[in-house]
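Participant: This one is protein.cif, mmCIF, C-alpha atoms and all ligand atoms.
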data_upload
#
loop_
_atom_site.label_atom_id
_atom_site.label_comp_id
_atom_site.auth_asym_id
_atom_site.auth_seq_id
_atom_site.Cartn_x
_atom_site.Cartn_y
_atom_site.Cartn_z
CA MET A 280 -10.13 -21.23 -18.62
CA SER A 281 -11.35 -18.26 -20.70
CA ALA A 282 -8.99 -15.45 -21.69
CA THR A 283 -11.06 -12.98 -19.68
CA ALA A 284 -10.99 -15.07 -16.55
CA GLU A 285 -13.33 -13.89 -13.81
CA LEU A 286 -12.89 -14.58 -10.10
CA VAL A 287 -12.14 -18.26 -10.02
CA MET A 288 -12.08 -19.30 -6.45
CA LYS A 289 -13.55 -18.99 -3.00
CA ASP A 290 -14.00 -15.55 -1.52
CA HIS A 291 -10.85 -14.65 0.42
CA ARG A 292 -12.21 -11.43 1.92
CA LEU A 293 -12.14 -11.21 5.72
CA ALA A 294 -15.40 -11.42 7.68
CA PRO A 295 -16.15 -8.24 9.69
CA GLY A 296 -15.38 -10.15 12.93
CA GLN A 297 -11.82 -10.76 11.71
CA VAL A 298 -11.10 -7.04 11.42
CA PRO A 299 -9.91 -5.28 14.59
CA PRO A 300 -11.48 -1.92 15.51
CA THR A 301 -9.66 1.19 14.33
CA VAL A 302 -8.27 2.79 17.50
CA ILE A 303 -6.69 6.23 17.13
CA GLU A 304 -3.98 7.19 19.62
CA MET A 305 -5.16 10.11 21.78
CA LEU A 306 -2.45 12.05 23.62
CA GLU A 307 -2.38 15.17 25.77
CA THR A 308 -0.22 17.93 24.29
CA ALA A 309 2.47 17.59 26.95
CA GLU A 310 2.73 13.82 26.60
CA LYS A 311 2.90 14.12 22.82
CA ALA A 312 5.70 16.70 23.00
CA ALA A 313 7.64 14.52 25.45
CA LEU A 314 7.24 11.45 23.23
CA VAL A 315 8.33 13.33 20.12
CA ALA A 316 11.45 14.64 21.91
CA ARG A 317 12.25 11.14 23.20
CA ILE A 318 11.83 9.58 19.74
CA GLU A 319 13.98 12.27 18.10
CA ARG A 320 16.76 11.57 20.58
CA LEU A 321 16.46 7.79 20.21
CA LEU A 322 16.51 7.92 16.41
CA VAL A 323 19.92 9.61 16.59
CA GLU A 324 21.27 7.36 19.36
CA ARG A 325 20.19 4.19 17.55
CA ASP A 326 21.32 5.35 14.08
CA ALA A 327 17.72 4.82 12.97
CA VAL A 328 15.49 6.39 10.35
CA LEU A 329 11.69 6.49 10.33
CA VAL A 330 9.96 5.47 7.09
CA ALA A 331 6.21 6.00 7.21
CA HIS A 332 3.27 5.28 4.92
CA TYR A 333 0.84 8.06 3.99
CA TYR A 334 -1.94 6.31 5.95
CA THR A 335 -0.19 6.66 9.33
CA SER A 336 -1.09 9.47 11.73
CA PRO A 337 -0.17 13.09 10.97
CA GLU A 338 2.10 13.06 14.06
CA LEU A 339 4.12 10.11 12.71
CA GLN A 340 4.35 11.56 9.23
CA GLU A 341 5.55 14.91 10.56
CA LEU A 342 8.09 13.20 12.80
CA ALA A 343 9.45 11.15 9.89
CA GLU A 344 9.87 14.23 7.74
CA ALA A 345 11.37 16.34 10.55
CA THR A 346 14.03 13.74 11.37
CA GLY A 347 15.40 12.97 7.87
CA GLY A 348 13.06 10.03 7.33
CA TYR A 349 10.49 9.58 4.63
CA VAL A 350 6.74 9.43 3.99
CA SER A 351 5.43 7.82 0.84
CA ASP A 352 3.64 4.94 -0.88
CA SER A 353 4.70 1.33 -0.51
CA LEU A 354 6.96 1.22 -3.59
CA ASP A 355 8.77 4.39 -2.70
CA MET A 356 9.18 3.36 0.95
CA ALA A 357 11.01 0.24 -0.29
CA ARG A 358 13.23 2.30 -2.55
CA PHE A 359 14.06 4.78 0.23
CA GLY A 360 14.97 1.93 2.57
CA THR A 361 17.58 0.65 0.14
CA GLU A 362 19.08 4.09 -0.45
CA CYS A 363 19.37 5.46 3.07
CA LYS A 364 22.55 4.93 5.11
CA SER A 365 21.12 4.30 8.61
CA SER A 366 21.74 0.87 10.12
CA THR A 367 18.18 0.65 11.53
CA LEU A 368 14.97 1.24 9.59
CA VAL A 369 11.83 1.85 11.61
CA VAL A 370 8.92 1.12 9.33
CA ALA A 371 5.63 2.74 10.34
CA GLY A 372 3.11 1.01 8.15
CA VAL A 373 1.88 -2.55 7.94
CA ARG A 374 3.80 -5.78 8.23
CA PHE A 375 4.40 -6.41 4.54
CA MET A 376 6.14 -3.02 4.35
CA GLY A 377 8.48 -3.97 7.20
CA GLU A 378 9.12 -7.36 5.60
CA THR A 379 9.87 -5.76 2.24
CA ALA A 380 12.38 -3.46 3.92
CA LYS A 381 14.07 -6.46 5.56
CA ILE A 382 14.04 -8.54 2.38
CA LEU A 383 15.87 -5.78 0.52
CA ASN A 384 18.17 -4.83 3.39
CA PRO A 385 19.20 -8.00 5.24
CA GLU A 386 22.17 -6.24 6.81
CA LYS A 387 19.92 -3.61 8.42
CA ARG A 388 17.85 -3.98 11.54
CA VAL A 389 14.19 -3.38 10.71
CA LEU A 390 11.81 -2.51 13.54
CA MET A 391 8.08 -1.85 13.50
CA PRO A 392 6.00 -0.05 16.14
CA ASP A 393 3.52 -2.97 16.18
CA LEU A 394 4.02 -6.39 14.61
CA HIS A 395 0.26 -6.99 14.71
CA ALA A 396 -0.19 -4.36 12.00
CA GLU A 397 -1.38 -6.74 9.31
CA CYS A 398 -3.23 -6.12 6.05
CA SER A 399 -6.45 -7.80 4.93
CA LEU A 400 -4.91 -8.57 1.54
CA ASP A 401 -1.94 -10.30 3.13
CA LEU A 402 -4.22 -12.19 5.57
CA GLY A 403 -6.48 -13.18 2.66
CA CYS A 404 -3.66 -14.94 0.83
CA PRO A 405 -2.20 -17.76 2.99
CA ALA A 406 1.11 -18.94 1.54
CA ASP A 407 0.29 -22.70 1.46
CA GLU A 408 -3.04 -22.26 -0.26
CA PHE A 409 -1.53 -19.81 -2.73
CA ALA A 410 1.41 -22.10 -3.55
CA ALA A 411 -1.01 -24.98 -4.21
CA PHE A 412 -3.02 -22.74 -6.55
CA CYS A 413 0.14 -21.71 -8.44
CA ASP A 414 1.19 -25.35 -8.71
CA GLN A 415 -2.07 -26.07 -10.55
CA HIS A 416 -1.16 -23.50 -13.22
CA PRO A 417 2.52 -23.99 -13.97
CA ASP A 418 2.19 -22.30 -17.38
CA ARG A 419 1.34 -18.93 -15.81
CA THR A 420 3.63 -16.13 -14.62
CA VAL A 421 2.87 -15.33 -10.98
CA VAL A 422 2.38 -11.63 -10.23
CA VAL A 423 1.67 -10.64 -6.64
CA TYR A 424 0.82 -7.28 -5.14
CA ALA A 425 3.29 -5.90 -2.60
CA ASN A 426 0.58 -6.39 0.08
CA THR A 427 1.58 -10.02 0.68
CA SER A 428 3.77 -12.01 3.07
CA ALA A 429 7.42 -12.79 2.39
CA ALA A 430 6.44 -16.42 1.74
CA VAL A 431 3.91 -15.45 -0.95
CA LYS A 432 6.43 -13.13 -2.57
CA ALA A 433 8.91 -16.00 -2.53
CA ARG A 434 6.46 -18.05 -4.61
CA SER A 435 6.07 -15.26 -7.20
CA ASP A 436 7.85 -14.21 -10.37
CA TRP A 437 7.03 -10.52 -10.01
CA VAL A 438 5.94 -8.23 -7.19
CA VAL A 439 3.96 -5.11 -8.16
CA THR A 440 2.46 -2.09 -6.47
CA SER A 441 -0.61 -0.19 -7.64
CA GLY A 442 1.71 2.51 -9.00
CA ILE A 443 3.18 0.23 -11.64
CA ALA A 444 0.71 -2.64 -12.10
CA LEU A 445 -0.71 -1.57 -15.49
CA ASP A 446 2.73 -0.95 -16.98
CA LEU A 447 4.13 -4.25 -15.80
CA VAL A 448 1.16 -6.37 -16.86
CA ARG A 449 1.22 -4.81 -20.34
CA HIS A 450 4.93 -5.53 -20.53
CA LEU A 451 4.42 -9.19 -19.59
CA ALA A 452 1.56 -9.54 -22.07
CA GLU A 453 3.81 -8.19 -24.85
CA ARG A 454 6.09 -11.14 -24.05
CA GLY A 455 3.10 -13.45 -24.54
CA GLU A 456 2.73 -14.39 -20.87
CA LYS A 457 -0.50 -15.45 -19.15
CA LEU A 458 -0.76 -14.47 -15.50
CA ILE A 459 -1.85 -15.44 -12.04
CA TRP A 460 -2.70 -12.27 -10.09
CA ALA A 461 -2.98 -12.09 -6.30
CA PRO A 462 -4.32 -11.14 -3.89
CA ASP A 463 -6.51 -8.06 -4.58
CA ARG A 464 -9.64 -8.94 -6.58
CA HIS A 465 -10.50 -5.30 -7.35
CA LEU A 466 -7.05 -4.17 -8.45
CA GLY A 467 -6.76 -7.40 -10.45
CA ALA A 468 -10.14 -6.85 -12.14
CA TYR A 469 -9.18 -3.25 -12.93
CA VAL A 470 -5.82 -4.25 -14.43
CA GLN A 471 -7.47 -7.07 -16.35
CA ARG A 472 -10.13 -4.73 -17.75
CA GLU A 473 -7.62 -2.03 -18.73
CA THR A 474 -5.13 -4.37 -20.36
CA GLY A 475 -7.28 -7.27 -21.63
CA VAL A 476 -4.54 -9.65 -20.44
CA ASP A 477 -5.34 -13.27 -19.53
CA MET A 478 -5.23 -13.23 -15.70
CA LEU A 479 -6.44 -15.69 -13.10
CA LEU A 480 -7.49 -13.59 -10.13
CA TRP A 481 -7.12 -14.42 -6.45
CA SER A 482 -10.04 -13.12 -4.45
CA ALA A 483 -9.01 -11.11 -1.38
CA ALA A 484 -9.81 -7.42 -0.79
CA CYS A 485 -8.74 -4.43 1.26
CA VAL A 486 -11.22 -3.83 4.10
CA VAL A 487 -10.95 -0.08 3.63
CA HIS A 488 -11.37 0.18 -0.14
CA ASP A 489 -13.84 -2.69 -0.51
CA ALA A 490 -16.34 -0.59 1.48
CA PHE A 491 -16.59 2.34 -0.95
CA LYS A 492 -20.01 2.50 -2.61
CA ALA A 493 -20.75 3.65 -6.16
CA ASP A 494 -24.36 4.71 -5.39
CA GLY A 495 -23.31 6.99 -2.56
CA LEU A 496 -20.43 8.36 -4.61
CA ARG A 497 -22.77 9.19 -7.50
CA LYS A 498 -25.07 11.09 -5.11
CA LEU A 499 -22.20 12.96 -3.45
CA ARG A 500 -20.81 13.92 -6.85
CA ALA A 501 -24.23 15.24 -7.88
CA HIS A 502 -24.10 17.54 -4.82
CA HIS A 503 -20.59 18.69 -5.73
CA PRO A 504 -20.48 18.84 -9.53
CA ASP A 505 -17.29 20.96 -9.35
CA ALA A 506 -15.39 18.20 -7.50
CA LYS A 507 -12.92 15.78 -9.11
CA VAL A 508 -13.12 12.16 -7.98
CA LEU A 509 -9.85 10.45 -6.94
CA VAL A 510 -9.93 6.66 -6.46
CA HIS A 511 -7.35 4.11 -5.31
CA PRO A 512 -7.62 0.98 -7.51
CA GLU A 513 -8.18 -1.33 -4.54
CA SER A 514 -11.77 -0.02 -4.71
CA PRO A 515 -14.58 -1.94 -6.50
CA LEU A 516 -14.80 -1.53 -10.29
CA ASP A 517 -18.08 0.41 -10.18
CA VAL A 518 -16.40 2.97 -7.90
CA ILE A 519 -13.33 3.13 -10.15
CA ALA A 520 -15.69 3.75 -13.08
CA LEU A 521 -16.70 7.08 -11.49
CA ALA A 522 -13.12 8.31 -11.06
CA ASP A 523 -11.46 11.25 -12.75
CA VAL A 524 -8.12 9.87 -11.57
CA VAL A 525 -7.31 6.25 -10.58
CA GLY A 526 -3.93 5.73 -8.98
CA SER A 527 -1.59 4.78 -6.18
CA THR A 528 -1.47 6.94 -3.06
CA THR A 529 1.35 9.02 -4.57
CA ALA A 530 -0.58 9.46 -7.83
CA LEU A 531 -3.63 10.67 -5.88
CA VAL A 532 -1.56 13.17 -3.88
CA GLU A 533 -0.05 14.44 -7.13
CA ALA A 534 -3.52 14.78 -8.68
CA ALA A 535 -4.69 16.77 -5.65
CA ARG A 536 -1.70 19.09 -6.07
CA LYS A 537 -1.74 19.50 -9.83
CA LEU A 538 -5.37 19.48 -10.96
CA PRO A 539 -6.90 22.95 -11.16
CA ALA A 540 -10.08 21.84 -9.28
CA LYS A 541 -10.66 23.29 -5.80
CA LYS A 542 -12.64 20.33 -4.47
CA PHE A 543 -12.01 16.57 -4.47
CA ILE A 544 -13.95 13.48 -3.44
CA VAL A 545 -11.43 10.88 -2.37
CA ALA A 546 -11.94 7.10 -2.25
CA THR A 547 -9.00 5.87 -0.22
CA ASP A 548 -7.92 5.65 3.43
CA ASN A 549 -8.54 9.04 5.04
CA GLY A 550 -4.98 9.02 6.41
CA LEU A 551 -4.00 10.34 2.97
CA PHE A 552 -5.90 13.59 3.60
CA HIS A 553 -3.04 14.89 5.76
CA LYS A 554 -0.56 14.82 2.87
CA MET A 555 -3.17 16.09 0.42
CA GLN A 556 -3.96 19.04 2.67
CA GLN A 557 -0.22 19.70 3.05
CA VAL A 558 0.43 19.85 -0.70
CA ALA A 559 -2.83 21.68 -1.49
CA PRO A 560 -3.76 23.73 1.61
CA ASP A 561 -6.44 25.79 -0.18
CA LYS A 562 -8.35 22.81 -1.55
CA ILE A 563 -11.27 20.89 -0.05
CA PHE A 564 -11.19 17.09 0.36
CA LEU A 565 -14.35 15.07 0.96
CA GLU A 566 -14.46 11.40 1.95
CA ALA A 567 -16.15 9.11 -0.56
CA PRO A 568 -19.17 7.30 0.98
CA ILE A 569 -18.65 3.85 2.51
CA ALA A 570 -20.86 0.96 3.56
CA GLY A 571 -22.23 1.61 7.06
CA LYS A 572 -21.85 4.57 9.36
CA GLY A 573 -20.53 5.02 12.91
CA ALA A 574 -20.62 1.68 14.73
CA THR A 575 -21.80 -0.18 11.63
CA CYS A 576 -18.86 0.49 9.31
CA VAL A 577 -16.04 -2.07 9.36
CA SER A 578 -12.94 0.08 8.90
CA CYS A 579 -14.70 3.47 8.62
CA ALA A 580 -12.28 4.56 5.85
CA HIS A 581 -9.22 4.17 8.01
CA CYS A 582 -7.09 1.04 8.10
CA PRO A 583 -7.20 -0.49 11.61
CA TRP A 584 -3.72 -1.91 11.17
CA MET A 585 -2.17 1.38 10.05
CA ALA A 586 -3.70 2.95 13.18
CA MET A 587 -1.62 0.55 15.32
CA ASN A 588 1.44 2.72 14.56
CA ARG A 589 1.52 4.94 17.63
CA LEU A 590 4.03 7.34 19.18
CA ARG A 591 4.01 5.40 22.46
CA THR A 592 4.82 2.08 20.80
CA LEU A 593 7.39 3.68 18.51
CA ALA A 594 9.25 5.16 21.50
CA ARG A 595 9.19 1.81 23.32
CA VAL A 596 10.46 -0.09 20.29
CA LEU A 597 13.35 2.33 19.78
CA GLU A 598 14.18 2.09 23.47
CA THR A 599 14.15 -1.71 23.69
CA GLY A 600 14.87 -2.90 20.14
CA ALA A 601 11.69 -5.01 20.29
CA ASN A 602 9.52 -5.85 17.28
CA GLU A 603 12.37 -6.66 14.95
CA ILE A 604 11.41 -8.20 11.61
CA VAL A 605 13.03 -11.62 11.18
CA ILE A 606 12.66 -13.65 7.98
CA ASP A 607 14.01 -17.10 7.21
CA GLU A 608 17.07 -16.56 4.99
CA ALA A 609 16.00 -18.94 2.20
CA VAL A 610 12.59 -17.27 1.99
CA ARG A 611 14.19 -13.83 2.08
CA GLU A 612 16.58 -14.60 -0.74
CA ARG A 613 13.82 -16.02 -2.90
CA ALA A 614 11.45 -13.12 -2.12
CA ALA A 615 14.15 -10.55 -2.92
CA GLN A 616 14.29 -11.61 -6.58
CA PRO A 617 10.78 -10.51 -7.68
CA ILE A 618 11.03 -7.31 -5.63
CA ARG A 619 14.37 -6.41 -7.20
CA ARG A 620 12.87 -7.19 -10.58
CA LEU A 621 10.10 -4.68 -9.78
CA LEU A 622 12.56 -1.98 -8.68
CA GLU A 623 14.67 -2.50 -11.83
CA PHE A 624 11.56 -2.37 -14.00
CA ALA A 625 10.39 0.82 -12.23
CA LYS A 626 13.81 2.39 -12.79
CA ARG A 627 13.84 1.48 -16.49
CA ARG A 628 10.29 2.80 -16.93
CA LYS A 629 11.22 6.12 -15.39
CA GLN A 630 14.12 6.40 -17.79
CA VAL A 631 11.85 5.60 -20.73
CA VAL A 632 9.29 8.17 -19.58
CA LEU A 633 11.98 10.79 -19.10
CA GLY A 634 13.47 9.88 -22.48
CA ASN A 635 10.10 10.36 -24.16
CA ASN A 636 9.55 13.69 -22.46
CA ASP A 637 12.95 14.91 -23.46
CA ALA A 638 12.46 13.95 -27.09
P1 LIG B 1 0.18 2.27 -2.14
O1 LIG B 1 1.14 1.36 -2.76
O2 LIG B 1 -0.61 3.07 -3.14
O3 LIG B 1 0.84 3.12 -1.10
O4 LIG B 1 -0.94 1.40 -1.40
C1 LIG B 1 -0.62 0.58 -0.32
C2 LIG B 1 -1.82 0.23 0.42
O5 LIG B 1 -1.78 -0.57 1.32
C3 LIG B 1 -3.07 0.85 -0.01
O6 LIG B 1 -4.12 0.42 0.75
FE1 LIG B 2 -4.02 -3.43 3.60
FE2 LIG B 2 -6.12 -1.97 3.00
FE3 LIG B 2 -4.75 -1.46 5.20
FE4 LIG B 2 -3.72 -0.91 2.76
S1 LIG B 2 -5.51 0.04 3.71
S2 LIG B 2 -2.69 -1.87 4.47
S3 LIG B 2 -4.53 -2.63 1.59
S4 LIG B 2 -5.90 -3.33 4.76
#
Could you write out this file's structure as structure tokens?
Ligand code: 13P
Ligand code: SF4
Facilitator:
Amino acid sequence: MSATAELVMKDHRLAPGQVPPTVIEMLETAEKAALVARIERLLVERDAVLVAHYYTSPELQELAEATGGYVSDSLDMARFGTECKSSTLVVAGVRFMGETAKILNPEKRVLMPDLHAECSLDLGCPADEFAAFCDQHPDRTVVVYANTSAAVKARSDWVVTSGIALDLVRHLAERGEKLIWAPDRHLGAYVQRETGVDMLLWSAACVVHDAFKADGLRKLRAHHPDAKVLVHPESPLDVIALADVVGSTTALVEAARKLPAKKFIVATDNGLFHKMQQVAPDKIFLEAPIAGKGATCVSCAHCPWMAMNRLRTLARVLETGANEIVIDEAVRERAAQPIRRLLEFAKRRKQVVLGNNDA
């Protein structure tokens, strides 16, 4: 296999028919207010805290922040879960985020508004198939993105998120390691291109980011030459090539806040616009163009599984204790190791960065 390994296997992207429609929860004002009050009361009664991803609805994000919970990217959600004192974590996000919370906090009860909230990357990397692939390459370190099942994490040496992927892969390459990377083909290709490291890439994709189109983005940018382009690295390489900033959801929010530009074109799930508008209320955010329009787009720039997190289901879950995340203990223990490794690495990196800044 060549050192600059290209995609080496069958296409693991989902077919459009495998992706559910994105259904946004619509509530009358009075019903919404009643649900919010009920959830606030239940969070206290159940000693629970709400941890939400940036792609969930504005209502959920606001509720998390108003009740002592947290809104962030997938890495930071995991860290918050380990640091907070509540005995129940309610994870509003997708299933791998709930599983990660449980893996790191076996003593806590972890609930999710909807256990059908999957992720196309996770679905595109079945554990058996992935384990067989790893077995064929025993000389390679196995690095998997956080967007994977507990069983896939359990087969890995390292778990990474987009926020730390470049740093970690460079670190492993310095130790002379060759890698297997799964499951995101675009993030993998980006990391491979930036670092030059020998990586075998799995071939799944995110249904939201896979749909961004470089041609359309080029045209939109020509209409808005004053705009900065912000891109999540789950997008195709030709879209990433047009970016002023490439980064995790947190990095993109920070760019929106800090950059002096007044206008941004954003290639990521449009759920992130809520936080961007919060941190930069005077700035303008435009959606990057996607494949298809109206009924012909697959995810229409909003993750169908993130949209399954609804106030109604959240209230019901808190009421009944349904939708608890349960993971086989042997799998959990094994999966905890590469995640803890990631959190330790992230902690050390922060110290190094701070050390450098202080010097
Ligand atoms: P972040 O780790 O940047 O939050 O991304 C998670 C995700 O699912 C993006 O689609
Ligand atoms: Fe998965 Fe994409 Fe949804 Fe993120 S936006 S959870 S990567 S399908």
Participant: Please determine an axis-aligned box that encloses all atoms of ligand LIG 1 (chain B) listed in the file, with 5 Å added on each side, and express its centre and edge lengths in Å to one decimal as AutoDock Vina command-line options.
Facilitator:
--center_x -1.5 --center_y 1.3 --center_z -0.9 --size_x 15.3 --size_y 13.7 --size_z 14.5
Participant: Name all residues at most 10 Å from range 484-500 of chain A (count all atoms listed in the file; drop same-chain ones fewer than 6 positions away) and give them as a tab-separated table (two decimals) with C-alpha atoms, in the coordinates of the input.
Facilitator:
chain	number	residue	atom	x	y	z
A	290	ASP	CA	-14.00	-15.55	-1.52
A	291	HIS	CA	-10.85	-14.65	0.42
A	292	ARG	CA	-12.21	-11.43	1.92
A	293	LEU	CA	-12.14	-11.21	5.72
A	294	ALA	CA	-15.40	-11.42	7.68
A	295	PRO	CA	-16.15	-8.24	9.69
A	298	VAL	CA	-11.10	-7.04	11.42
A	398	CYS	CA	-3.23	-6.12	6.05
A	399	SER	CA	-6.45	-7.80	4.93
A	400	LEU	CA	-4.91	-8.57	1.54
A	401	ASP	CA	-1.94	-10.30	3.13
A	402	LEU	CA	-4.22	-12.19	5.57
A	403	GLY	CA	-6.48	-13.18	2.66
A	404	CYS	CA	-3.66	-14.94	0.83
A	426	ASN	CA	0.58	-6.39	0.08
A	461	ALA	CA	-2.98	-12.09	-6.30
A	462	PRO	CA	-4.32	-11.14	-3.89
A	463	ASP	CA	-6.51	-8.06	-4.58
A	464	ARG	CA	-9.64	-8.94	-6.58
A	465	HIS	CA	-10.50	-5.30	-7.35
A	466	LEU	CA	-7.05	-4.17	-8.45
A	506	ALA	CA	-15.39	18.20	-7.50
A	507	LYS	CA	-12.92	15.78	-9.11
A	508	VAL	CA	-13.12	12.16	-7.98
A	510	VAL	CA	-9.93	6.66	-6.46
A	511	HIS	CA	-7.35	4.11	-5.31
A	512	PRO	CA	-7.62	0.98	-7.51
A	513	GLU	CA	-8.18	-1.33	-4.54
A	514	SER	CA	-11.77	-0.02	-4.71
A	515	PRO	CA	-14.58	-1.94	-6.50
A	516	LEU	CA	-14.80	-1.53	-10.29
A	517	ASP	CA	-18.08	0.41	-10.18
A	518	VAL	CA	-16.40	2.97	-7.90
A	519	ILE	CA	-13.33	3.13	-10.15
A	520	ALA	CA	-15.69	3.75	-13.08
A	521	LEU	CA	-16.70	7.08	-11.49
A	522	ALA	CA	-13.12	8.31	-11.06
A	543	PHE	CA	-12.01	16.57	-4.47
A	544	ILE	CA	-13.95	13.48	-3.44
A	545	VAL	CA	-11.43	10.88	-2.37
A	546	ALA	CA	-11.94	7.10	-2.25
A	547	THR	CA	-9.00	5.87	-0.22
A	548	ASP	CA	-7.92	5.65	3.43
A	549	ASN	CA	-8.54	9.04	5.04
A	565	LEU	CA	-14.35	15.07	0.96
A	566	GLU	CA	-14.46	11.40	1.95
A	567	ALA	CA	-16.15	9.11	-0.56
A	568	PRO	CA	-19.17	7.30	0.98
A	569	ILE	CA	-18.65	3.85	2.51
A	570	ALA	CA	-20.86	0.96	3.56
A	571	GLY	CA	-22.23	1.61	7.06
A	576	CYS	CA	-18.86	0.49	9.31
A	577	VAL	CA	-16.04	-2.07	9.36
A	578	SER	CA	-12.94	0.08	8.90
A	579	CYS	CA	-14.70	3.47	8.62
A	580	ALA	CA	-12.28	4.56	5.85
A	581	HIS	CA	-9.22	4.17	8.01
A	582	CYS	CA	-7.09	1.04	8.10
A	583	PRO	CA	-7.20	-0.49	11.61
Participant: Counting all atoms listed in the file, name the residues that have an atom within 6 Å of an atom of ligand LIG 1 (chain B); the answer should be given as a ChimeraX atom specification.
Facilitator: /A:352-354,440-441,527-528
Participant: Tell me which of A:Met585, A:Ala316, A:Ala429, A:Leu321 sits closest to ligand LIG 2 (chain B), counting all atoms listed in the file.
Facilitator: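 Looking only at the distances to ligand LIG 2 (chain B), the closest residue turns out to be A:Met585.
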Participant: Taking 4 positions as the minimum chain separation for residues in the same chain, which residues sit within 12 Å of Arg320 in chain A when counting all atoms listed in the file? Answer as a list in words.
Facilitator: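 Final neighbour list, sorted by chain and number: Ala313, Leu314, Val315, Ala316, Glu324, Arg325, Asp326, Ala327, Val328, Leu342, Thr346, Ala594, Leu597 and Glu598 of chain A.
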Participant: Please indicate the distance in Å from CA of Arg449 in chain A to CA of Lys381 in chain A, rounded to one decimal place.
Facilitator: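 Computing the Euclidean distance for CA of Arg449 in chain A and CA of Lys381 in chain A yields 29.0 Å.
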Participant: Can you list, as an MDAnalysis selection string, every protein, DNA or RNA residue that comes within 9 Å of range 406-410 of chain A when you count all atoms listed in the file, leaving out same-chain residues fewer than 5 positions away?
Facilitator: chainID A and resid 415 427:432 434 461 481
Participant: Rank nothing, just name the residue among A:Thr335, A:Asn602, A:Thr592, A:Ser482 nearest to ligand LIG 2 (chain B), using all atoms listed in the file.
Facilitator: A:Thr335
Participant: What gap, in Å, lies between CA of Trp460 in chain A and CA of Ala586 in chain A?
Facilitator: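 Spanning CA of Trp460 in chain A to CA of Ala586 in chain A is a straight-line distance of 27.8 Å.
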Participant: For range 318-329 of chain A, which lacks atoms in the input, supply N, CA, C and O atoms and format the output as a short mmCIF file (atom, residue, chain, number, x, y, z; two decimals), in the frame of the given file.
Facilitator:
data_model
loop_
_atom_site.label_atom_id
_atom_site.label_comp_id
_atom_site.auth_asym_id
_atom_site.auth_seq_id
_atom_site.Cartn_x
_atom_site.Cartn_y
_atom_site.Cartn_z
N ILE A 318 11.62 10.32 21.00
CA ILE A 318 11.83 9.58 19.74
C ILE A 318 12.93 10.24 18.91
O ILE A 318 13.79 9.56 18.35
N GLU A 319 12.92 11.56 18.86
CA GLU A 319 13.98 12.27 18.10
C GLU A 319 15.36 11.92 18.64
O GLU A 319 16.28 11.63 17.89
N ARG A 320 15.46 11.90 19.96
CA ARG A 320 16.76 11.57 20.58
C ARG A 320 17.15 10.12 20.28
O ARG A 320 18.26 9.83 19.87
N LEU A 321 16.17 9.22 20.42
CA LEU A 321 16.46 7.79 20.21
C LEU A 321 16.82 7.48 18.76
O LEU A 321 17.67 6.63 18.48
N LEU A 322 16.19 8.16 17.83
CA LEU A 322 16.51 7.92 16.41
C LEU A 322 17.99 8.19 16.16
O LEU A 322 18.68 7.43 15.48
N VAL A 323 18.50 9.27 16.77
CA VAL A 323 19.92 9.61 16.59
C VAL A 323 20.79 8.58 17.31
O VAL A 323 21.72 8.01 16.72
N GLU A 324 20.45 8.30 18.56
CA GLU A 324 21.27 7.36 19.36
C GLU A 324 21.33 5.98 18.72
O GLU A 324 22.33 5.28 18.79
N ARG A 325 20.25 5.55 18.10
CA ARG A 325 20.19 4.19 17.55
C ARG A 325 20.55 4.14 16.06
O ARG A 325 20.37 3.11 15.41
N ASP A 326 21.00 5.26 15.51
CA ASP A 326 21.32 5.35 14.08
C ASP A 326 20.13 4.82 13.25
O ASP A 326 20.27 3.98 12.37
N ALA A 327 18.95 5.34 13.59
CA ALA A 327 17.72 4.82 12.97
C ALA A 327 17.02 5.91 12.15
O ALA A 327 17.16 7.10 12.43
N VAL A 328 16.27 5.47 11.15
CA VAL A 328 15.49 6.39 10.35
C VAL A 328 14.05 5.89 10.29
O VAL A 328 13.81 4.69 10.26
N LEU A 329 13.12 6.85 10.32
CA LEU A 329 11.69 6.49 10.33
C LEU A 329 11.12 6.61 8.92
O LEU A 329 11.18 7.67 8.31
#
